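Enquirer: Sending over upload-v7.cif (mmCIF, C-alpha atoms).
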data_protein
loop_
_atom_site.label_atom_id
_atom_site.label_comp_id
_atom_site.auth_asym_id
_atom_site.auth_seq_id
_atom_site.Cartn_x
_atom_site.Cartn_y
_atom_site.Cartn_z
CA MET A 1 34.63 -46.71 -2.75
CA GLY A 2 33.27 -43.22 -3.41
CA ASP A 3 30.83 -41.40 -1.17
CA HIS A 4 28.00 -42.25 -3.53
CA GLU A 5 28.57 -45.97 -2.91
CA SER A 6 28.57 -45.95 0.89
CA TYR A 7 25.73 -46.69 3.22
CA HIS A 8 27.32 -44.29 5.75
CA ASN A 9 27.12 -41.14 3.64
CA GLY A 10 26.35 -39.80 0.22
CA THR A 11 23.51 -41.10 -1.87
CA GLY A 12 23.46 -44.50 -0.15
CA HIS A 13 22.82 -42.91 3.22
CA ALA A 14 20.33 -40.42 1.75
CA PHE A 15 18.37 -43.26 0.14
CA LEU A 16 18.21 -45.26 3.39
CA GLU A 17 16.99 -42.22 5.32
CA TRP A 18 14.42 -41.43 2.61
CA TYR A 19 13.12 -45.00 2.74
CA ARG A 20 12.88 -44.94 6.55
CA ASP A 21 11.06 -41.61 6.48
CA LYS A 22 8.56 -42.95 3.94
CA LEU A 23 7.85 -45.91 6.23
CA ILE A 24 7.37 -43.62 9.25
CA THR A 25 5.02 -41.37 7.23
CA HIS A 26 3.04 -44.40 6.06
CA GLY A 27 2.80 -45.71 9.62
CA ALA A 28 1.53 -42.32 10.79
CA ARG A 29 -1.18 -42.28 8.11
CA ILE A 30 -2.30 -45.80 9.01
CA THR A 31 -2.35 -45.25 12.79
CA GLU A 32 -4.14 -41.91 12.39
CA ALA A 33 -6.76 -43.53 10.15
CA ALA A 34 -7.20 -46.39 12.62
CA ARG A 35 -7.60 -43.93 15.49
CA ASP A 36 -10.22 -42.01 13.49
CA VAL A 37 -12.16 -45.22 12.82
CA PHE A 38 -11.90 -46.83 16.26
CA GLY A 39 -11.85 -43.73 18.46
CA ASP A 40 -9.87 -42.90 21.55
CA ASN A 41 -11.23 -45.72 23.72
CA MET A 42 -9.89 -48.54 21.53
CA ARG A 43 -6.41 -49.75 22.36
CA LEU A 44 -4.32 -49.81 19.18
CA ALA A 45 -0.99 -51.52 18.60
CA CYS A 46 1.47 -51.22 15.77
CA LYS A 47 3.79 -54.15 15.10
CA VAL A 48 7.45 -53.49 14.46
CA SER A 49 9.48 -56.49 13.41
CA GLY A 50 12.61 -57.24 15.38
CA ILE A 51 15.17 -57.58 12.60
CA HIS A 52 18.14 -58.76 14.63
CA TRP A 53 20.35 -60.38 11.99
CA PHE A 54 23.64 -58.56 11.36
CA ARG A 55 22.85 -56.12 14.16
CA GLY A 56 26.32 -56.96 15.45
CA HIS A 57 27.88 -55.60 12.23
CA ASP A 58 28.47 -51.91 11.65
CA SER A 59 26.25 -51.93 8.56
CA HIS A 60 23.14 -53.35 10.29
CA ALA A 61 22.49 -54.69 6.79
CA ALA A 62 19.28 -56.60 7.51
CA GLU A 63 17.73 -53.64 9.30
CA ALA A 64 18.85 -51.23 6.59
CA THR A 65 17.23 -53.26 3.80
CA ALA A 66 13.96 -53.05 5.74
CA GLY A 67 14.25 -49.27 6.09
CA TYR A 68 15.34 -49.49 9.72
CA VAL A 69 18.21 -46.98 9.88
CA GLY A 70 19.35 -44.38 12.35
CA ASP A 71 17.22 -43.98 15.46
CA TYR A 72 14.28 -45.73 13.79
CA LEU A 73 12.91 -47.27 17.00
CA ASN A 74 12.62 -43.89 18.68
CA MET A 75 11.13 -42.42 15.51
CA CYS A 76 8.54 -45.22 15.35
CA ALA A 77 7.68 -44.80 19.03
CA ALA A 78 7.34 -41.02 18.66
CA MET A 79 5.02 -41.56 15.70
CA MET A 80 2.92 -44.02 17.73
CA ALA A 81 2.79 -41.64 20.68
CA ARG A 82 0.87 -39.11 18.57
CA THR A 83 -2.03 -41.57 18.37
CA ASN A 84 -1.52 -43.31 21.72
CA THR A 85 -0.59 -46.57 19.97
CA VAL A 86 1.24 -49.43 21.68
CA LEU A 87 4.55 -50.61 20.20
CA ASP A 88 4.18 -54.35 19.58
CA PHE A 89 7.61 -55.91 19.09
CA THR A 90 8.84 -59.34 18.06
CA CYS A 91 11.70 -61.67 19.08
CA LEU A 92 11.14 -61.37 22.82
CA GLU A 93 11.94 -65.04 23.27
CA MET A 94 15.34 -64.90 21.65
CA GLN A 95 18.77 -64.89 23.25
CA ASP A 96 21.97 -63.62 21.68
CA SER A 97 23.81 -66.74 22.82
CA THR A 98 21.51 -69.13 20.95
CA GLN A 99 21.92 -67.47 17.54
CA ALA A 100 24.32 -68.65 14.86
CA TRP A 101 27.63 -66.83 15.25
CA TRP A 102 27.81 -65.94 11.56
CA ALA A 103 24.48 -64.09 11.66
CA LEU A 104 25.88 -61.48 14.07
CA SER A 105 22.42 -61.52 15.61
CA ARG A 106 21.71 -59.37 18.68
CA PRO A 107 18.03 -59.83 19.58
CA GLN A 108 18.37 -59.05 23.29
CA GLY A 109 19.86 -55.61 22.72
CA LEU A 110 17.28 -54.91 20.05
CA VAL A 111 14.39 -55.79 22.37
CA ALA A 112 15.90 -53.61 25.09
CA ALA A 113 16.22 -50.70 22.63
CA ALA A 114 12.59 -51.10 21.52
CA ALA A 115 11.36 -51.19 25.11
CA ALA A 116 13.41 -48.08 25.93
CA ALA A 117 12.00 -46.24 22.89
CA ALA A 118 8.45 -47.05 24.00
CA ARG A 119 9.19 -45.97 27.58
CA ASP A 120 10.96 -42.76 26.50
CA ASN A 121 7.97 -41.81 24.32
CA GLY A 122 5.37 -42.63 26.96
CA ILE A 123 3.64 -45.46 25.11
CA GLY A 124 2.90 -49.06 25.98
CA PHE A 125 5.20 -51.89 24.98
CA ALA A 126 3.89 -55.30 24.00
CA GLY A 127 5.58 -58.26 22.45
CA GLU A 128 5.28 -61.60 20.86
CA ASN A 129 7.44 -64.51 19.97
CA ALA A 130 7.75 -66.28 16.66
CA LEU A 131 9.49 -69.34 18.04
CA GLY A 132 8.41 -71.81 20.67
CA CYS A 133 9.88 -70.84 24.01
CA TRP A 134 8.44 -73.37 26.42
CA GLY A 135 10.76 -73.91 29.32
CA SER A 136 12.56 -70.63 28.70
CA GLU A 137 12.22 -67.54 30.85
CA VAL A 138 13.97 -65.24 28.38
CA ALA A 139 10.83 -63.53 27.04
CA ILE A 140 9.46 -62.86 30.50
CA SER A 141 12.78 -61.56 31.80
CA GLN A 142 13.09 -59.20 28.81
CA ILE A 143 9.62 -57.82 29.46
CA GLU A 144 10.33 -57.37 33.15
CA THR A 145 13.53 -55.40 32.53
#
Starting from the coordinates I provided, produce the structure as structure tokens.
Expert:
Amino acid sequence: MGDHESYHNGTGHAFLEWYRDKLITHGARITEAARDVFGDNMRLACKVSGIHWFRGHDSHAAEATAGYVGDYLNMCAAMMARTNTVLDFTCLEMQDSTQAWWALSRPQGLVAAAAAAARDNGIGFAGENALGCWGSEVAISQIET
């Protein structure tokens, strides 16, 4: 496989970084416009989807196809910090151990990385779950850590 065919370098890598940067730029425009409309006293949040499938594989294929490459969580949080916007993340209820082995899913590490990005950039961190989690303390324990 030549460099131009790899997601690690060459044109494949350049395309993925270009796509990510376009998403970050779009997010900045939207959050800046929202801040202009709602003012400084309104609490704003920006949702970032927790794409955890294939996170256990070197390619991070599911994240990459969504434009989530490199240090995208920190880049998103830094963008949100410019407008004092809360990072609203998904998959807080999920555990690595309950995911199908073949999906190479790592939601717990992903949530921890998102929370760290918010903390490191001085913004709030909020979350939600897409699945029912009654009787499970996973979401609460992930928020508390």
Enquirer: Carefully work through the PyMOL selection byres ((chain A and resi 81-83) around 7) for this structure and note down the residues it includes, as a CSV table (one decimal) with C-alpha atoms, in the coordinates of the input.
Expert:
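The resulting file, expr.csv, is shown below:
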chain,number,residue,atom,x,y,z
A,31,THR,CA,-2.4,-45.2,12.8
A,32,GLU,CA,-4.1,-41.9,12.4
A,35,ARG,CA,-7.6,-43.9,15.5
A,77,ALA,CA,7.7,-44.8,19.0
A,78,ALA,CA,7.3,-41.0,18.7
A,79,MET,CA,5.0,-41.6,15.7
A,80,MET,CA,2.9,-44.0,17.7
A,84,ASN,CA,-1.5,-43.3,21.7
A,85,THR,CA,-0.6,-46.6,20.0
A,121,ASN,CA,8.0,-41.8,24.3
A,122,GLY,CA,5.4,-42.6,27.0
A,123,ILE,CA,3.6,-45.5,25.1
Enquirer: What residues come out when you apply the PyMOL selection byres ((chain A and resi 52-66) around 7) to this file, written as a ChimeraX atom specification?
Expert: /A:16,50-51,67-69,103-107,110
Enquirer: For the atom pair CA of Gly12 in chain A and CA of Ile24 in chain A, what is the interatomic distance in Å to one decimal place?
Expert: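 Atom-to-atom, CA of Gly12 in chain A and CA of Ile24 in chain A are spaced 18.7 Å apart.
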Enquirer: Check the smallest atom-to-atom distance from each of A:Ala126, A:Ala118, A:Ala113, A:Met75 to Thr90 in chain A using all atoms listed in the file, then report the winner.
Expert: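 For Thr90 in chain A, the nearest of the candidates is A:Ala126.
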Enquirer: What is the distance, in Å and to one decimal place, between CA of Leu73 in chain A and CA of Gln99 in chain A?
Expert: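 Those two atoms sit 22.1 Å apart.
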Enquirer: When the PyMOL selection byres ((chain A and resi 95) around 10) is applied to the structure above, which residues does it catch, written out as a ChimeraX atom specification?
Expert: /A:91-94,96-99,105-109,138-139,142
Enquirer: When you count all atoms listed in the file, which of these residues is closest to Ala114 in chain A: A:Cys76, A:Leu44, A:Trp101, A:Asp36?
Expert: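 Closest to Ala114 in chain A of all the choices is A:Cys76.
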Enquirer: Excluding Ala45 in chain A and residues on its chain fewer than 5 positions from it, collect all residues at most 7 Å away from it, counting only C-alpha atoms, and give them as a PyMOL selection string.
Expert: chain A and resi 85-88
Enquirer: Taking every listed atom of range 92-111 of chain A and adding 8 Å to each side, what centre and edge lengths in Å (one decimal) does the axis-aligned box have, as JSON?
Expert:
{"center_x": 19.5, "center_y": -62.0, "center_z": 17.4, "size_x": 32.7, "size_y": 30.2, "size_z": 27.7}
